[in-house]
>>> print(open('start15.txt').read())   # compact mmCIF, C-alpha atoms and all ligand atoms
# COMPACT_ATOMS: atom_id res chain seq x y z
CA MET A 51 58.81 90.84 107.22
CA GLU A 52 57.37 88.57 109.92
CA LEU A 53 59.76 88.07 112.81
CA VAL A 54 57.44 86.19 115.13
CA GLY A 55 56.09 82.91 113.92
CA ARG A 56 52.39 82.28 114.02
CA MET A 57 50.54 79.03 114.38
CA PRO A 58 48.13 78.18 111.57
CA ASP A 59 45.27 79.45 113.79
CA GLY A 60 46.97 82.86 114.14
CA SER A 61 48.29 82.45 117.70
CA VAL A 62 51.94 83.17 118.44
CA SER A 63 54.17 80.11 118.25
CA THR A 64 54.45 77.79 121.25
CA PRO A 65 57.23 77.15 123.82
CA TYR A 66 58.27 74.23 121.62
CA ASP A 67 59.73 76.58 119.09
CA LEU A 68 63.48 76.86 118.78
CA ILE A 69 63.97 80.44 117.76
CA GLY A 70 60.58 82.07 118.00
CA LEU A 71 59.35 81.49 114.49
CA LEU A 72 59.08 77.79 113.93
CA TRP A 73 56.30 75.56 115.07
CA PRO A 74 56.14 71.78 115.30
CA SER A 75 54.81 70.59 112.01
CA ALA A 76 51.03 70.56 111.80
CA GLY A 77 51.13 68.71 108.49
CA PRO A 78 50.74 64.97 108.16
CA PRO A 79 53.30 63.37 110.47
CA ILE A 80 56.41 62.14 108.67
CA ARG A 81 56.93 58.47 109.42
CA GLN A 82 60.40 57.39 110.55
CA ASP A 83 61.01 55.33 107.39
CA GLU A 84 59.85 58.24 105.21
CA LYS A 85 62.21 60.56 107.11
CA MET A 86 65.05 58.09 106.54
CA LYS A 87 64.24 57.88 102.82
CA ARG A 88 64.25 61.67 102.54
CA LEU A 89 67.49 61.93 104.54
CA GLN A 90 69.09 59.40 102.19
CA GLY A 91 68.28 61.73 99.28
CA VAL A 92 70.25 64.54 100.93
CA PRO A 93 73.81 64.48 99.55
CA ILE A 94 75.41 64.86 103.00
CA PHE A 95 73.68 61.69 104.22
CA GLN A 96 74.23 59.57 101.12
CA ARG A 97 77.06 57.51 102.58
CA CYS A 98 75.25 56.76 105.82
CA THR A 99 74.36 53.17 106.72
CA GLN A 100 70.76 52.31 107.59
CA ARG A 101 71.72 52.26 111.27
CA GLN A 102 73.26 55.71 111.03
CA LEU A 103 70.27 57.03 109.09
CA ARG A 104 67.99 55.74 111.83
CA ALA A 105 70.08 57.61 114.38
CA VAL A 106 69.89 60.80 112.28
CA ALA A 107 66.13 60.45 111.85
CA ARG A 108 65.73 60.05 115.63
CA ILE A 109 67.45 63.34 116.43
CA THR A 110 65.87 65.45 113.71
CA GLU A 111 62.75 67.39 114.58
CA VAL A 112 60.25 68.52 111.98
CA PHE A 113 59.27 72.20 112.04
CA ASP A 114 57.28 74.48 109.77
CA ALA A 115 57.88 78.16 109.06
CA ALA A 116 55.83 80.75 107.20
CA PRO A 117 57.07 82.62 104.12
CA GLU A 118 59.26 85.62 105.04
CA SER A 119 60.30 84.07 108.38
CA VAL A 120 63.90 84.99 109.14
CA LEU A 121 65.55 81.68 110.02
CA THR A 122 69.08 82.93 110.62
CA ARG A 123 70.18 86.52 110.92
CA ALA A 124 73.74 87.53 110.00
CA GLY A 125 75.73 88.42 113.13
CA GLU A 126 73.46 86.63 115.59
CA PRO A 127 74.33 83.40 117.42
CA GLY A 128 73.09 80.16 115.93
CA ARG A 129 72.24 76.89 117.61
CA GLU A 130 70.45 74.88 114.92
CA PHE A 131 71.29 73.10 111.71
CA TYR A 132 68.51 73.05 109.11
CA LEU A 133 67.69 70.63 106.32
CA ILE A 134 65.05 71.76 103.87
CA TYR A 135 62.35 69.13 103.50
CA ASP A 136 59.89 71.25 101.48
CA GLY A 137 60.03 74.80 100.17
CA THR A 138 62.80 77.25 99.37
CA VAL A 139 64.86 79.82 101.27
CA ARG A 140 66.86 82.85 100.20
CA VAL A 141 70.41 83.11 101.56
CA VAL A 142 71.39 86.78 101.72
CA VAL A 143 75.15 86.39 101.44
CA SER A 144 75.65 90.10 100.66
CA PRO A 145 73.42 92.93 99.46
CA ARG A 146 74.32 91.96 95.88
CA LYS A 147 74.41 88.20 96.27
CA HIS A 148 71.33 86.17 97.12
CA LEU A 149 71.16 82.40 96.68
CA ARG A 150 68.23 80.05 96.66
CA LEU A 151 68.31 76.72 98.50
CA GLY A 152 65.61 74.08 98.12
CA PRO A 153 64.59 70.57 99.16
CA GLY A 154 67.60 68.46 100.12
CA ASP A 155 69.79 71.51 100.76
CA PHE A 156 70.99 72.50 104.21
CA PHE A 157 72.05 75.65 106.01
CA GLY A 158 73.20 76.77 109.46
CA GLU A 159 76.23 74.47 109.58
CA MET A 160 78.84 77.24 109.81
CA SER A 161 77.88 78.65 113.22
CA LEU A 162 77.55 75.16 114.64
CA LEU A 163 81.00 74.22 113.41
CA ASP A 164 82.96 77.25 114.59
CA GLY A 165 80.69 78.77 117.25
CA GLU A 166 80.83 82.12 115.46
CA PRO A 167 77.74 84.22 114.66
CA ARG A 168 75.62 83.44 111.61
CA SER A 169 77.44 84.33 108.38
CA ALA A 170 74.31 85.19 106.42
CA THR A 171 70.63 85.93 106.80
CA VAL A 172 68.36 83.13 105.60
CA VAL A 173 64.72 83.92 104.84
CA ALA A 174 61.85 81.57 103.92
CA GLU A 175 60.62 82.25 100.39
CA THR A 176 57.71 79.81 100.60
CA PRO A 177 55.99 77.83 103.36
CA LEU A 178 58.75 75.64 104.70
CA ARG A 179 59.04 72.25 106.26
CA LEU A 180 62.42 71.83 107.92
CA LEU A 181 64.31 69.03 109.60
CA VAL A 182 66.15 70.64 112.49
CA ILE A 183 69.15 69.31 114.42
CA LYS A 184 70.20 71.11 117.61
CA SER A 185 73.87 71.89 118.17
CA ARG A 186 74.50 69.32 120.93
CA ASN A 187 73.11 66.55 118.71
CA PHE A 188 74.97 67.92 115.70
CA TRP A 189 78.36 67.26 117.31
CA ASP A 190 77.36 63.76 118.47
CA LEU A 191 76.24 63.13 114.93
CA LEU A 192 79.55 64.20 113.42
CA ASP A 193 81.36 61.90 115.86
CA GLU A 194 79.14 58.97 114.92
CA VAL A 195 79.00 59.54 111.15
CA PRO A 196 82.45 60.45 109.77
CA ALA A 197 81.09 60.40 106.20
CA LEU A 198 78.88 63.30 107.21
CA THR A 199 81.89 65.36 108.23
CA ARG A 200 83.45 64.65 104.84
CA ASN A 201 80.32 65.74 103.00
CA LEU A 202 79.97 68.86 105.13
CA LEU A 203 83.55 69.80 104.35
CA LEU A 204 82.93 69.35 100.62
CA THR A 205 79.88 71.58 100.70
CA LEU A 206 81.66 74.17 102.82
CA SER A 207 84.58 74.24 100.42
CA ARG A 208 82.16 74.68 97.49
CA ARG A 209 80.42 77.53 99.31
CA VAL A 210 83.71 79.29 100.07
CA ARG A 211 84.79 79.01 96.40
CA GLN A 212 81.44 80.41 95.22
CA ALA A 213 81.68 83.26 97.73
CA GLU A 214 85.23 84.06 96.63
CA GLN A 215 84.28 83.90 92.96
CA SER A 216 81.43 86.32 93.43
CA ALA A 217 83.62 88.65 95.53
CA THR A 218 86.10 88.95 92.63
CA MET A 219 83.44 89.44 89.94
P1 LIG B 1 75.53 79.88 109.27
O1 LIG B 1 76.62 80.88 109.17
O2 LIG B 1 75.44 79.08 110.50
O3 LIG B 1 74.13 80.62 109.05
C1 LIG B 1 73.88 81.19 107.77
C2 LIG B 1 73.99 80.10 106.76
O4 LIG B 1 73.88 80.50 105.40
C3 LIG B 1 75.40 79.50 106.78
O5 LIG B 1 75.61 78.87 108.03
C4 LIG B 1 75.36 78.62 105.56
O6 LIG B 1 74.63 77.45 105.82
C5 LIG B 1 74.56 79.53 104.62
N1 LIG B 1 75.50 80.21 103.72
C6 LIG B 1 76.36 81.20 104.00
N2 LIG B 1 77.07 81.55 102.90
C7 LIG B 1 76.66 80.75 101.91
C8 LIG B 1 77.01 80.60 100.53
N3 LIG B 1 77.95 81.37 99.95
N4 LIG B 1 76.39 79.64 99.82
C9 LIG B 1 75.43 78.85 100.39
N5 LIG B 1 75.05 78.97 101.68
C10 LIG B 1 75.65 79.89 102.43
>>> encode(input="start15.txt", output="C-alpha cells")
Amino acid sequence: MELVGRMPDGSVSTPYDLIGLLWPSAGPPIRQDEKMKRLQGVPIFQRCTQRQLRAVARITEVFDAAPESVLTRAGEPGREFYLIYDGTVRVVVSPRKHLRLGPGDFFGEMSLLDGEPRSATVVAETPLRLLVIKSRNFWDLLDEVPALTRNLLLTLSRRVRQAEQSATM
C-alpha cells in the first residue's frame, strides 16, 4: 500500500501537500462556477445560498490522490475534511465492516468536530479528486452556514446508527 504520494511524473509529492500523499490537482482546473455546481449537488451543501456556496468554493482546495493512498488512518490526528469529487474510497470501520463512499460523499468530519483521533482508516480505491477543507476554515464555515451544521449532524446520526446496527448483527 502506497503511503507516500507521488506526482504523475513519479517524483514525491510537493510541499503543497496536506498529509504527504495528496498533490494539487494536475487535471483540468475546476472553474469556480463548476465547483459551486458540484458543491450544490452534495447533500450537506444543498441548503446553501449562492453567496454561501461561493464562500465554500473559495476555501476548498482541489487535490488528487492515487489508488491505495491512505487518506485517514484510525487513531491518528486529523486536520482535514474531504469531499469526494471523483472516484471512490473504502472506509475501514472495523476488520469486518468496510464501506464505500463515492462522488458527493464526505469523510473526515468526526476528528474536526471533536478533536479526537480519526475513527476509521480511509483508503482510495480509485484515482481520486478531492475537495479539501482545512480545520480552521471548517469551523468558520460551520459558523457561517448553519444549514451545513444541520446536515452534518444528520449524516453523523445516520453513520452512528449504521455502526450500531452492524455491531449488533
Ligand atoms: P474521521 O474520524 O475524522 O476520519 C475517518 C472518517 O471515516 C470519519 O471521520 C468519517 O468521516 C468516516 N467514517 C467513520 N465511520 C463511518 C461510518 N460508520 N460510516 C461512514 N463513514 C464513516
>>> axis_aligned_box(input="start15.txt", around="ligand LIG 1 (chain B)", padding_each_side="6 Å", output="JSON")
{"center_x": 75.9, "center_y": 79.5, "center_z": 105.2, "size_x": 16.1, "size_y": 16.1, "size_z": 22.7}
>>> residues_near_ligand(input="start15.txt", ligand="ligand LIG 1 (chain B)", cutoff="7 Å", atoms="only C-alpha atoms and all ligand atoms", output="PyMOL selection string")
chain A and resi 122+124+128+141+143+149+156-162+167-172+209-210+212-213
>>> residues_around(input="start15.txt", residues="A:Lys184", least_positions_apart="4", cutoff="9 Å", atoms="all atoms listed in the file", output="MDAnalysis selection string")
chainID A and resid 68 109:111 129:132 162 188
>>> atom_distance(input="start15.txt", atom1="atom CA of A:Thr218", atom2="atom CA of A:Leu163")
26.0 Å
>>> atom_distance(input="start15.txt", atom1="atom CA of A:Leu202", atom2="atom CA of A:Trp189")
12.4 Å
>>> residues_around(input="start15.txt", residues="A:Gln100", least_positions_apart="6", cutoff="10 Å", atoms="all atoms listed in the file", output="ChimeraX atom specification")
/A:86-87,90,106
